[in-house]
Each structure stands twice: as C-alpha cells, then as structure tokens.
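Shown next: query06.csv, containing CSV, C-alpha atoms.
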chain,number,residue,atom,x,y,z
J,1,MET,CA,91.7,274.3,189.8
J,2,THR,CA,91.0,270.6,189.1
J,3,GLN,CA,88.0,270.1,186.9
J,4,HIS,CA,85.8,267.1,187.7
J,5,LEU,CA,83.5,265.8,185.0
J,6,THR,CA,81.3,262.9,186.3
J,7,LEU,CA,79.1,261.0,183.8
J,8,HIS,CA,75.5,261.1,185.1
J,9,THR,CA,73.7,259.9,181.9
J,10,GLN,CA,75.0,257.1,179.8
J,11,PRO,CA,74.7,258.2,176.1
J,12,ASN,CA,72.7,255.9,173.8
J,13,VAL,CA,75.1,256.4,171.0
J,14,PRO,CA,78.7,257.4,171.2
J,15,LEU,CA,79.5,260.9,172.3
J,16,GLU,CA,82.2,262.8,170.4
J,17,ALA,CA,83.9,264.9,173.1
J,18,GLU,CA,87.0,266.3,171.5
J,19,VAL,CA,86.5,269.5,173.6
J,20,ILE,CA,87.5,267.6,176.7
J,21,THR,CA,91.1,268.7,176.8
J,22,PRO,CA,93.1,271.0,179.1
J,23,ASP,CA,93.5,273.3,176.1
J,24,HIS,CA,89.7,273.8,175.7
J,25,LEU,CA,88.8,273.8,179.4
J,26,ALA,CA,91.6,276.0,180.8
J,27,GLY,CA,90.1,278.9,182.8
J,28,LEU,CA,86.5,277.9,182.4
J,29,ASN,CA,84.0,277.7,185.3
J,30,GLU,CA,81.4,275.0,185.8
J,31,ALA,CA,78.7,276.7,183.8
J,32,GLN,CA,81.0,277.4,180.9
J,33,ILE,CA,82.2,273.8,180.8
J,34,ALA,CA,78.7,272.4,181.0
J,35,ASP,CA,77.7,274.7,178.1
J,36,LEU,CA,80.4,273.3,175.7
J,37,PRO,CA,79.1,271.4,172.6
J,38,VAL,CA,79.6,267.8,171.9
J,39,MET,CA,78.2,265.5,169.2
J,40,HIS,CA,75.7,262.9,170.3
J,41,GLY,CA,75.1,260.9,167.2
J,42,ASN,CA,74.1,263.5,164.7
J,43,GLN,CA,72.9,266.0,167.4
J,44,THR,CA,74.9,268.8,168.9
J,45,VAL,CA,74.3,268.7,172.7
J,46,LYS,CA,75.9,270.3,175.7
J,47,ILE,CA,78.4,268.5,178.0
J,48,GLY,CA,76.2,269.3,180.9
J,49,GLY,CA,73.5,267.0,179.5
J,50,PHE,CA,75.8,264.0,180.3
J,51,PHE,CA,78.3,265.2,182.8
J,52,ARG,CA,78.1,266.9,186.2
J,53,VAL,CA,80.9,269.5,186.3
J,54,THR,CA,82.6,270.6,189.5
J,55,LEU,CA,85.8,272.4,190.3
J,56,SER,CA,88.0,271.9,193.3
J,57,PRO,CA,91.0,273.9,194.4
J,58,THR,CA,94.4,272.3,193.6
J,59,ARG,CA,96.6,271.1,196.5
J,60,SER,CA,99.8,271.5,194.6
J,61,ILE,CA,101.2,273.0,191.5
J,62,ASN,CA,101.3,269.5,189.9
J,63,GLU,CA,97.5,269.4,190.0
J,64,GLU,CA,97.1,272.6,188.0
J,65,GLY,CA,95.3,272.0,184.7
J,66,VAL,CA,94.1,268.5,185.7
J,67,ILE,CA,90.8,267.2,184.4
J,68,VAL,CA,89.3,264.2,186.2
J,69,LEU,CA,86.7,262.2,184.4
J,70,GLU,CA,84.6,259.6,186.3
J,71,GLY,CA,82.2,257.0,185.1
J,72,ASP,CA,82.0,254.4,182.4
J,73,LEU,CA,83.1,256.5,179.4
J,74,SER,CA,83.3,253.6,177.0
J,75,ARG,CA,80.9,255.4,174.7
J,76,VAL,CA,82.7,258.7,174.9
J,77,LYS,CA,85.2,259.2,172.0
J,78,ARG,CA,88.0,261.6,171.2
J,79,ILE,CA,88.8,262.7,174.7
J,80,GLY,CA,92.2,264.5,174.8
J,81,GLU,CA,92.3,264.9,171.0
J,82,GLY,CA,95.0,267.3,170.0
J,83,MET,CA,95.9,268.3,173.5
J,84,THR,CA,99.2,270.1,174.0
J,85,HIS,CA,99.7,270.1,177.8
J,86,GLY,CA,98.1,269.3,181.1
J,87,ARG,CA,96.7,266.0,182.5
J,88,ILE,CA,93.6,264.0,182.1
J,89,THR,CA,92.7,261.3,184.6
J,90,ILE,CA,89.9,258.9,183.6
J,91,LYS,CA,88.6,256.8,186.5
J,92,GLY,CA,86.9,254.1,184.5
J,93,ASN,CA,86.8,252.9,180.9
J,94,VAL,CA,87.0,255.2,177.9
J,95,GLY,CA,85.9,255.0,174.3
J,96,MET,CA,87.7,255.2,171.0
J,97,HIS,CA,90.2,257.7,169.6
J,98,LEU,CA,91.7,258.7,173.0
J,99,GLY,CA,94.4,261.3,172.7
J,100,VAL,CA,94.6,261.1,169.0
J,101,GLY,CA,97.0,263.7,167.5
J,102,MET,CA,98.0,264.9,171.0
J,103,SER,CA,101.4,266.7,171.2
J,104,GLY,CA,101.9,267.0,174.9
J,105,GLY,CA,100.6,266.4,178.4
J,106,GLU,CA,99.5,263.1,179.9
J,107,ILE,CA,96.4,261.0,179.9
J,108,LEU,CA,95.9,258.3,182.6
J,109,VAL,CA,93.2,255.7,182.2
J,110,GLU,CA,92.4,253.6,185.2
J,111,GLY,CA,90.2,251.2,183.2
J,112,ASP,CA,90.2,250.0,179.6
J,113,ALA,CA,90.4,252.1,176.4
J,114,GLY,CA,88.8,251.5,173.0
J,115,ASP,CA,90.4,251.4,169.5
J,116,TRP,CA,92.8,254.0,168.1
J,117,VAL,CA,94.4,255.1,171.4
J,118,GLY,CA,97.0,257.7,170.5
J,119,ALA,CA,96.6,257.3,166.8
J,120,GLU,CA,98.9,259.7,165.0
J,121,MET,CA,100.0,261.3,168.3
J,122,LYS,CA,102.9,263.7,168.1
J,123,GLY,CA,104.0,263.8,171.8
J,124,GLY,CA,103.0,263.4,175.4
J,125,ARG,CA,102.2,260.2,177.2
J,126,ILE,CA,99.1,257.9,177.5
J,127,ILE,CA,99.0,255.4,180.3
J,128,VAL,CA,96.2,252.8,180.3
J,129,LYS,CA,96.0,250.5,183.3
J,130,GLY,CA,93.7,248.1,181.6
J,131,ASP,CA,93.4,246.8,178.0
J,132,VAL,CA,93.3,248.8,174.8
J,133,GLY,CA,91.5,248.0,171.5
J,134,HIS,CA,93.0,247.8,168.0
J,135,PHE,CA,95.3,250.3,166.3
J,136,ALA,CA,97.0,251.8,169.3
J,137,GLY,CA,99.5,254.4,168.0
J,138,SER,CA,98.6,253.7,164.5
J,139,ALA,CA,98.1,255.7,161.3
J,140,TYR,CA,94.5,256.3,160.2
J,141,ARG,CA,93.4,254.5,157.1
J,142,GLY,CA,94.8,256.4,154.1
J,143,SER,CA,97.4,258.1,156.2
J,144,ARG,CA,101.1,257.1,155.8
J,145,LYS,CA,102.4,257.9,159.2
J,146,GLY,CA,101.3,256.7,162.6
J,147,MET,CA,102.5,258.2,165.9
J,148,LEU,CA,105.3,260.6,165.4
J,149,SER,CA,106.5,260.8,169.0
J,150,GLY,CA,105.5,260.3,172.6
J,151,GLU,CA,104.7,257.2,174.7
J,152,ILE,CA,101.8,254.8,175.0
J,153,VAL,CA,102.1,252.5,178.0
J,154,VAL,CA,99.4,249.8,178.4
J,155,HIS,CA,99.4,247.6,181.4
J,156,GLY,CA,97.0,245.1,180.0
J,157,ASP,CA,96.5,243.6,176.5
J,158,ALA,CA,96.3,245.3,173.1
J,159,GLY,CA,94.4,244.4,170.0
J,160,SER,CA,95.7,244.1,166.5
J,161,GLU,CA,97.9,246.4,164.5
J,162,VAL,CA,99.6,248.1,167.4
J,163,GLY,CA,101.8,250.9,166.0
J,164,TYR,CA,100.7,250.5,162.4
J,165,GLY,CA,103.0,252.9,160.4
J,166,MET,CA,104.5,254.5,163.5
J,167,ARG,CA,107.3,256.9,162.8
J,168,ARG,CA,108.9,257.5,166.2
J,169,GLY,CA,108.1,257.1,169.9
J,170,LEU,CA,107.5,254.2,172.2
J,171,ILE,CA,104.6,251.8,172.7
J,172,ALA,CA,104.8,249.4,175.6
J,173,ILE,CA,102.3,246.6,176.2
J,174,GLY,CA,102.4,244.9,179.6
J,175,GLY,CA,100.2,242.0,178.4
J,176,ASP,CA,99.8,240.4,174.9
J,177,SER,CA,99.3,242.1,171.6
J,178,GLY,CA,97.3,241.0,168.6
J,179,ASP,CA,98.2,240.2,165.0
J,180,PHE,CA,100.3,242.6,162.9
J,181,THR,CA,102.0,244.3,165.7
J,182,GLY,CA,104.3,247.0,164.2
J,183,VAL,CA,102.9,246.4,160.7
J,184,ASN,CA,104.4,248.9,158.2
J,185,MET,CA,106.4,250.5,160.9
J,186,LEU,CA,108.7,253.4,159.7
J,187,ALA,CA,110.7,253.7,162.9
J,188,GLY,CA,110.1,253.8,166.7
J,189,THR,CA,110.0,251.1,169.4
J,190,ILE,CA,107.3,248.6,170.4
J,191,ILE,CA,107.9,246.5,173.5
J,192,VAL,CA,105.5,243.7,174.3
J,193,LEU,CA,106.0,241.9,177.6
J,194,GLY,CA,103.6,239.2,176.7
J,195,ALA,CA,103.0,237.3,173.5
J,196,MET,CA,102.4,238.8,170.1
J,197,GLY,CA,100.0,237.6,167.5
J,198,GLU,CA,100.8,236.6,163.9
J,199,ARG,CA,102.7,238.4,161.1
J,200,ASN,CA,104.4,240.9,163.4
J,201,GLY,CA,106.5,243.6,161.7
J,202,ALA,CA,105.1,242.9,158.2
J,203,GLY,CA,106.3,245.5,155.8
J,204,MET,CA,108.3,247.4,158.5
J,205,ARG,CA,111.1,249.6,157.2
J,206,ARG,CA,113.0,250.5,160.4
J,207,GLY,CA,112.2,250.3,164.1
J,208,SER,CA,112.3,247.8,166.8
J,209,ILE,CA,109.7,245.3,167.9
J,210,VAL,CA,110.6,243.5,171.2
J,211,SER,CA,108.8,240.7,173.0
J,212,MET,CA,109.5,238.6,176.0
J,213,ARG,CA,107.7,235.6,174.6
J,214,SER,CA,108.5,233.4,171.5
J,215,SER,CA,106.7,234.3,168.4
J,216,ARG,CA,106.5,233.1,164.8
J,217,ILE,CA,108.7,235.2,162.5
J,218,LEU,CA,107.7,235.9,158.9
J,219,PRO,CA,109.9,234.2,156.3
J,220,THR,CA,110.9,237.7,155.0
J,221,PHE,CA,113.0,238.3,158.2
J,222,SER,CA,116.5,237.0,158.5
J,223,PHE,CA,118.1,235.8,161.7
J,224,ASP,CA,121.1,237.8,162.8
J,225,CYS,CA,122.4,236.7,166.2
J,226,VAL,CA,121.8,236.4,169.9
J,227,TYR,CA,123.1,239.3,171.9
J,228,HIS,CA,122.6,241.9,174.7
J,229,PRO,CA,121.0,245.0,173.1
J,230,THR,CA,122.3,247.8,175.3
J,231,PHE,CA,119.6,250.3,174.3
J,232,LEU,CA,116.9,248.0,175.5
J,233,ARG,CA,118.1,248.3,179.1
J,234,LEU,CA,117.4,252.0,179.1
J,235,TYR,CA,113.9,251.5,177.8
J,236,LEU,CA,113.2,248.7,180.3
J,237,HIS,CA,114.4,250.8,183.3
J,238,HIS,CA,112.2,253.6,182.1
J,239,LEU,CA,109.2,251.4,181.8
J,240,ARG,CA,109.9,249.9,185.3
J,241,ALA,CA,109.8,253.4,186.6
J,242,LEU,CA,106.4,253.9,185.0
J,243,GLY,CA,105.1,250.9,186.8
J,244,LEU,CA,105.3,248.1,184.3
J,245,PRO,CA,106.4,244.7,185.7
J,246,ILE,CA,109.9,244.5,184.3
J,247,ASP,CA,111.6,241.3,185.4
J,248,ASP,CA,115.4,241.5,186.0
J,249,ALA,CA,115.6,238.6,183.4
J,250,PHE,CA,114.4,241.1,180.7
J,251,ILE,CA,117.1,243.5,181.6
J,252,ILE,CA,120.1,241.2,181.8
J,253,GLY,CA,118.8,238.6,179.3
J,254,ARG,CA,120.0,237.9,175.8
J,255,TYR,CA,117.8,238.5,172.8
J,256,ARG,CA,117.5,236.8,169.4
J,257,ARG,CA,117.5,239.4,166.6
J,258,TRP,CA,115.9,239.2,163.2
J,259,SER,CA,116.3,241.8,160.4
J,260,GLY,CA,113.4,242.7,158.2
J,261,ASP,CA,111.1,243.1,156.6
J,262,MET,CA,113.0,242.3,153.4
J,263,VAL,CA,109.9,242.9,151.3
J,264,ASP,CA,110.6,246.6,152.1
J,265,LEU,CA,113.8,248.4,153.3
J,266,GLY,CA,114.6,245.6,155.7
J,267,ARG,CA,116.2,247.8,158.4
J,268,GLY,CA,113.8,246.9,161.1
J,269,GLU,CA,114.5,244.4,163.9
J,270,ILE,CA,112.5,242.0,165.9
J,271,LEU,CA,114.1,241.0,169.3
J,272,LEU,CA,112.8,238.1,171.2
J,273,LEU,CA,114.0,237.2,174.7
J,274,ASP,CA,116.3,234.1,174.2
J,275,ALA,CA,115.0,232.3,177.3
J,276,PRO,CA,111.3,233.4,177.3
J,277,ILE,CA,109.4,233.3,180.6
K,1,MET,CA,149.9,242.8,173.9
K,2,ARG,CA,150.0,245.6,176.5
K,3,GLU,CA,153.5,244.6,177.5
K,4,VAL,CA,155.0,245.2,174.0
K,5,ARG,CA,157.1,248.4,174.1
K,6,GLY,CA,156.3,250.8,171.3
K,7,ALA,CA,152.8,249.5,170.7
K,8,ILE,CA,149.5,250.6,172.2
K,9,MET,CA,145.8,249.7,171.8
K,10,PRO,CA,144.1,253.1,171.7
K,11,PHE,CA,140.5,252.0,172.3
K,12,PRO,CA,139.2,251.6,175.9
K,13,GLY,CA,140.1,248.2,177.2
K,14,GLY,CA,141.8,247.5,173.9
K,15,ILE,CA,138.6,246.5,172.1
K,16,VAL,CA,136.7,248.5,169.5
K,17,ARG,CA,133.1,248.8,170.7
K,18,SER,CA,131.6,249.1,167.3
K,19,GLY,CA,133.9,248.1,164.4
K,20,SER,CA,134.0,250.4,161.3
K,21,LYS,CA,135.2,250.1,157.8
K,22,THR,CA,136.6,252.8,155.5
K,23,GLY,CA,134.1,254.5,153.3
K,24,SER,CA,130.3,254.4,153.1
K,25,LYS,CA,127.5,254.9,150.7
K,26,TYR,CA,127.4,258.6,151.6
K,27,LYS,CA,130.1,260.8,150.0
K,28,THR,CA,130.7,262.9,153.1
K,29,LEU,CA,130.9,259.9,155.5
K,30,PHE,CA,134.4,258.4,155.6
K,31,ALA,CA,133.7,255.5,157.8
K,32,SER,CA,130.7,253.4,158.5
K,33,THR,CA,129.7,250.2,160.3
K,34,ASN,CA,131.8,247.2,159.2
K,35,ASP,CA,128.7,245.3,158.1
K,36,ALA,CA,130.7,242.3,156.9
K,37,TYR,CA,131.8,241.6,160.5
K,38,CYS,CA,128.7,242.8,162.4
K,39,PRO,CA,126.7,239.9,163.9
K,40,THR,CA,123.5,242.0,164.3
K,41,LEU,CA,123.5,242.8,160.6
K,42,ARG,CA,124.2,239.3,159.4
K,43,GLY,CA,120.7,238.8,158.1
K,44,PHE,CA,120.6,242.1,156.4
K,45,SER,CA,124.1,242.5,154.8
K,46,PRO,CA,124.9,240.6,151.6
K,47,ASN,CA,128.6,241.1,152.4
K,48,THR,CA,128.6,239.2,155.7
K,49,GLN,CA,131.7,237.1,156.4
K,50,LEU,CA,130.4,235.5,159.5
K,51,PRO,CA,129.4,231.9,159.7
K,52,PRO,CA,126.4,231.0,161.9
K,53,GLU,CA,128.5,229.8,164.8
K,54,VAL,CA,130.1,233.3,165.3
K,55,GLY,CA,128.2,235.3,167.9
K,56,CYS,CA,130.5,238.3,168.3
K,57,VAL,CA,133.5,239.9,166.7
K,58,LEU,CA,136.2,241.8,168.6
K,59,GLU,CA,138.2,244.3,166.7
K,60,ILE,CA,141.6,245.3,168.1
K,61,VAL,CA,143.4,248.4,166.8
K,62,ILE,CA,147.1,248.6,167.3
K,63,ASP,CA,149.2,251.8,167.0
K,64,GLY,CA,153.0,251.4,167.0
K,65,LEU,CA,156.2,253.4,166.8
K,66,ASP,CA,157.6,251.0,164.3
K,67,LEU,CA,156.6,247.9,162.3
K,68,PRO,CA,158.3,245.3,164.5
K,69,ALA,CA,156.4,246.6,167.6
K,70,VAL,CA,153.1,246.3,165.8
K,71,GLU,CA,154.0,242.8,164.5
K,72,GLU,CA,155.0,241.6,167.9
K,73,ALA,CA,151.8,242.9,169.5
K,74,MET,CA,149.8,241.1,166.7
K,75,ARG,CA,151.7,237.9,167.2
K,76,ARG,CA,151.0,237.9,171.0
K,77,GLY,CA,147.4,238.8,170.4
K,78,MET,CA,146.8,235.9,168.0
K,79,HIS,CA,148.2,233.5,170.5
K,80,ALA,CA,146.1,234.9,173.3
K,81,ALA,CA,142.9,234.8,171.2
K,82,ALA,CA,143.5,231.2,170.1
K,83,GLU,CA,144.0,230.2,173.7
K,84,ALA,CA,140.8,232.0,174.7
K,85,GLY,CA,138.8,230.0,172.1
K,86,ALA,CA,138.5,232.5,169.2
K,87,LEU,CA,137.0,230.7,166.1
K,88,PHE,CA,138.7,232.9,163.5
K,89,ILE,CA,141.3,235.6,163.3
K,90,THR,CA,141.6,238.0,160.4
K,91,ALA,CA,143.1,241.4,159.7
K,92,GLY,CA,142.6,243.9,157.0
K,93,ASN,CA,143.5,247.4,155.8
K,94,TYR,CA,140.5,247.6,153.4
K,95,GLY,CA,142.5,247.1,150.2
K,96,GLY,CA,145.2,249.6,151.1
K,97,LYS,CA,142.7,252.4,152.0
K,98,LEU,CA,143.8,252.4,155.6
K,99,GLY,CA,147.6,253.0,155.5
K,100,GLN,CA,150.4,251.7,153.4
K,101,TYR,CA,151.3,248.6,155.5
K,102,GLN,CA,149.9,245.1,155.0
K,103,ILE,CA,151.0,242.6,157.6
K,104,ARG,CA,150.2,239.0,156.8
K,105,LEU,CA,149.1,237.0,159.7
K,106,HIS,CA,150.5,233.7,158.5
K,107,GLY,CA,153.9,235.4,158.0
K,108,LEU,CA,153.9,236.5,161.7
K,109,LEU,CA,153.5,232.9,162.9
K,110,SER,CA,155.9,231.2,160.6
Write out the structure in this file as structure tokens.
Amino acid sequence: MTQHLTLHTQPNVPLEAEVITPDHLAGLNEAQIADLPVMHGNQTVKIGGFFRVTLSPTRSINEEGVIVLEGDLSRVKRIGEGMTHGRITIKGNVGMHLGVGMSGGEILVEGDAGDWVGAEMKGGRIIVKGDVGHFAGSAYRGSRKGMLSGEIVVHGDAGSEVGYGMRRGLIAIGGDSGDFTGVNMLAGTIIVLGAMGERNGAGMRRGSIVSMRSSRILPTFSFDCVYHPTFLRLYLHHLRALGLPIDDAFIIGRYRRWSGDMVDLGRGEILLLDAPI
Amino acid sequence: MREVRGAIMPFPGGIVRSGSKTGSKYKTLFASTNDAYCPTLRGFSPNTQLPPEVGCVLEIVIDGLDLPAVEEAMRRGMHAAAEAGALFITAGNYGGKLGQYQIRLHGLLS
C-alpha cells in the first residue's frame, strides 16, 4: 500500500515527525498512523491532528512501502530520520533535519528543504528538486564525522558548510553552494555545478570538491596541474542519469587541480573546470 | 621502439598509466606512486621534480633479451620523444633498487 499523508493544519511551531519513515509506518492502517505521536513544540500530539492519512493500493512492486507527503511541510522536521529502506516522496517544501542518519531508501523532495539535510546519513539517497539550507550532509556540532555514505542530490542551490566533516559518499549541487563548502572534509566527493562561496575545503584532510565555476582558493592549497580526471566522468554520467543538467563540456573538459588543505593532512583536492561556463 | 628485435614494452600501448617507484612508507607495500613525477601531486609532494610547464609524464618500461636491445630501444625512444616535443627525458632505476643495470642516457646518444 502507498501511504498518503496530507497536511491539513499548518503547525504554529515546528513539528518533530521522526516517526514518518517507512520503518515506522510499515503495515499500519490509517487509524494507527493517525494515532502516532509527534512533538509540537513541547507538546506530544497525534499525527492525525495535522495530517489526513489515506492508503491506496500500489500499482507495482516499486510502489510498495512508499510514503507520499503533501502540503507545505517547511515546519515539519526530522522526516525520514534513521530510515533504512523504502521511499518517501514529499510534494512540497520540507523542514530541517530531513533524512538525518538514514542508512537506506530514498527521499524525493519536489520543493525546497531546510537545514541539515542528510546530516550524518549512512546510506540511501536524498533528491531535492529545489534548494536546501545550510549544513547538507554535515556533522552535527560536536560530532567529528558527517555523512558516512549515500548520496544527496540537490537540483537548486545549497547554503553554507555543505558536507562539513563528511567521511564518504556523494553530494551534488546543481546550483550554487555557500561558504565553507567541504569544510573539514575527511573524504568523499562534493560536486557543485554552479559557483561556490568562500573558503571552500578549509581544513579538509582528503576528499574531492569539484566545481564548474571559478572560485577563490585558500592560500593553504597548492596548485598541481591541469588534467582530465577520469573518475569524474563516472560521477557525471551517474548524475546525468539522476536528472542533473550535466553539460558535455563538464565530461570532456580539463580541470585545474589544487591539493590541500595544508593546515591539515593535505590530501584533499579541489578541481575547477578549466574553461568555466 | 616496437621494431627493435629482442625488446618489448610490456604495458598496454607502451605507456605506463600510473608510474610507480620502488618502496613506500608502508613496510608491506613494495611499490607506490612515483610522487616526484606525478603532476597531480606536484603541490603536495616535497620531492617533486616537475617544473611548472610540465603537464604530464609518460613512463615507458622496456624489457629486453639483452642489454644492446634495450639500449637501442631507448635510443629510438629518445629521438621519437624529442621530435614529438617532450620537454625533458630522464631514466632511473631508483638507486640500484630496480635491477643491476644503469644505462646512461647521454652515453646512448654520444
């Protein structure tokens, strides 16, 4: 069955809805779902107080375990937190902490998402058709490791500190990213098709930060060479298959490579397209 | 170089895709990236031998039945590289760690 949750009452303060995952909702009927608790400010309330719940039969095996959320959920936090499988489709905007710590499954957002998308996620895929806020794929404050695996694909722009402390995985931004992209990265790959902000890769140990626009490089990075990074073609073909607008020039183009950040291990790299669009 | 009898270039196309050096910082790893001649590590490696105008380094490994065959292949290779616009040509056996023979390039051309 496909589970539809349609927002009928906009919460006055953010709603913490970490129960909205395929793991929690599997096998539940409308009444059971509507009875699940969520935090509304400091009050415990029921999902049914904000969402109308309906079930519809699936048309194919691919739709099994799908949750469809509708409405402006920009005040609904923690959707998909810790999910291990299944799919969540959000037809609208969504609030902070989407898919944090998830280890499997897929979340598709047709609007914008708030801060901390996929923070410390361990697997799975998050696709956002609009923009995302700050700290996508990042480590929480006080934590040493950001996302450990999985993919975050953003078709719009992203805020600051994308991939802060990320350990593995892929973050792709179709638009621009803010300052400190890839700050304190341990490993992994960040690809920004637009422009990046300032101080990108500060403190990174390993990993790759790629952009198709020119960007100011920190003085603690050293220029290496201009070359054709073979691995990047695989990533770009993969992202094109996921719907990002990958120009042929990105795939066949040459990239300028810098090593850094020399204030730390220095085994990271920043790659900028040599003839930016 | 391919026409020299008794000498072959064992790597695909005759070019080493990723040049290596003998030894590494790990005891159990007997070969590692030749960082001194790796353009992508130029900014990171303190041992780099590459001036800024060098964009890529091609390493050619030659196996031969005897020393004259290897020397002839090297001689032809140097002429071909120079005609193709190579900026520098060098050779090395890593201080004797890679076999007993040391063939001096200047000696081949004199």
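Between CA of Leu236 in chain J and CA of Leu170 in chain J lies a distance of 11.3 Å.
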For chain K, list the residues within 8 Å of chain J, counting only C-alpha atoms, and write the list as a PDB file with C-alpha atoms, keeping the file's coordinate frame.
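Wrote it out as result13.pdb, contents follow:
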ATOM      1  CA  PRO K  39     126.700 239.900 163.900  1.00  0.00           C
ATOM      2  CA  THR K  40     123.500 242.000 164.300  1.00  0.00           C
ATOM      3  CA  LEU K  41     123.500 242.800 160.600  1.00  0.00           C
ATOM      4  CA  ARG K  42     124.200 239.300 159.400  1.00  0.00           C
ATOM      5  CA  GLY K  43     120.700 238.800 158.100  1.00  0.00           C
ATOM      6  CA  PHE K  44     120.600 242.100 156.400  1.00  0.00           C
ATOM      7  CA  GLY K  55     128.200 235.300 167.900  1.00  0.00           C
TER       8      GLY K  55
END
- Message: Using all atoms listed in the file, can you tell me which of J:Ala195, J:Met185, J:Met102, J:Val263 comes closest to Leu218 in chain J?
- Response: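 Looking only at the distances to Leu218 in chain J, the closest residue turns out to be J:Val263.
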- Task: Would you kindly return, as a count of residues only, each protein, DNA or RNA residue with an atom no farther than 9 Å from any atom of Ile191 in chain J, considering only C-alpha atoms and excluding same-chain residues fewer than 2 positions away?
- Result: 14
- Rounded to one decimal place, report the CA of Met39 in chain J-CA of Arg75 in chain J distance in Å.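 Taking CA of Met39 in chain J as the start and CA of Arg75 in chain J as the end point, the length is 11.8 Å.
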- Query: From the list J:Ser215, J:Ser103, J:Asn184, J:Gln43, which residue is nearest Gly146 in chain J when using only C-alpha atoms?
  - Reply: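 Residue with the minimum atom-to-atom distance to Gly146 in chain J: J:Asn184.
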- Task: Write out as number ranges by chain the residues lying within 10 Å of Pro245 in chain J, counting all atoms listed in the file and excluding same-chain residues fewer than 3 positions away.
- Result: J: 155, 174-175, 193, 236, 239-242, 248
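Our summary of the geometry notes that CA of Phe51 in chain J is positioned 7.1 Å from CA of Thr9 in chain J.
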Ile60 in chain K surroundings by all atoms listed in the file, 7 Å radius, close-in-sequence under 2 positions cut, as an mmCIF file with C-alpha atoms, in the frame of the given file:
data_model
loop_
_atom_site.group_PDB
_atom_site.id
_atom_site.type_symbol
_atom_site.label_atom_id
_atom_site.label_comp_id
_atom_site.auth_asym_id
_atom_site.auth_seq_id
_atom_site.Cartn_x
_atom_site.Cartn_y
_atom_site.Cartn_z
ATOM 1 C CA GLY K 14 141.800 247.500 173.900
ATOM 2 C CA ILE K 15 138.600 246.500 172.100
ATOM 3 C CA VAL K 16 136.700 248.500 169.500
ATOM 4 C CA LEU K 58 136.200 241.800 168.600
ATOM 5 C CA ILE K 62 147.100 248.600 167.300
#
- Message: Around (97.6, 242.6, 167.5), as given in the file, which residues come within 7 Å? Count all atoms listed in the file and list them as a ChimeraX atom specification.
- Response: /J:134,158-162,177-181,196-197
- If we count only C-alpha atoms, what is near Gly118 in chain J at a cut-off of 7 Å, once residues fewer than 6 positions away on the same chain are taken out, given as a PyMOL selection string? chain J and resi 97-101+136-137
- Task: Check the smallest atom-to-atom distance from each of J:Ile107, J:Met166, J:Ile127, J:Ile20 to Ser143 in chain J using only C-alpha atoms, then report the winner.
- Result: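 Closest candidate: J:Met166.
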- Hey, what's within 10 Å of Glu110 in chain J if we count only C-alpha atoms and toss same-chain stuff fewer than 5 positions away? As a list in words, please?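 The filter keeps Glu70, Thr89, Ile90, Lys91, Gly92, Asn93, Val94, Ile127, Val128, Lys129, Gly130, Asp131 and His155 of chain J.
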Kindly save the residues from that selection, with C-alpha atoms included, as a compact mmCIF listing (two decimals), keeping the file's coordinate frame.
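Saved as result_37.txt:
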# COMPACT_ATOMS: atom_id res chain seq x y z
CA GLU J 70 84.60 259.60 186.30
CA THR J 89 92.70 261.30 184.60
CA ILE J 90 89.90 258.90 183.60
CA LYS J 91 88.60 256.80 186.50
CA GLY J 92 86.90 254.10 184.50
CA ASN J 93 86.80 252.90 180.90
CA VAL J 94 87.00 255.20 177.90
CA ILE J 127 99.00 255.40 180.30
CA VAL J 128 96.20 252.80 180.30
CA LYS J 129 96.00 250.50 183.30
CA GLY J 130 93.70 248.10 181.60
CA ASP J 131 93.40 246.80 178.00
CA HIS J 155 99.40 247.60 181.40
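In terms of minimum interatomic distance to Leu67 in chain K, K:Ile103 ranks closest within K:Ile103, K:Pro10, K:Tyr94, K:Ala84, counting all atoms listed in the file.
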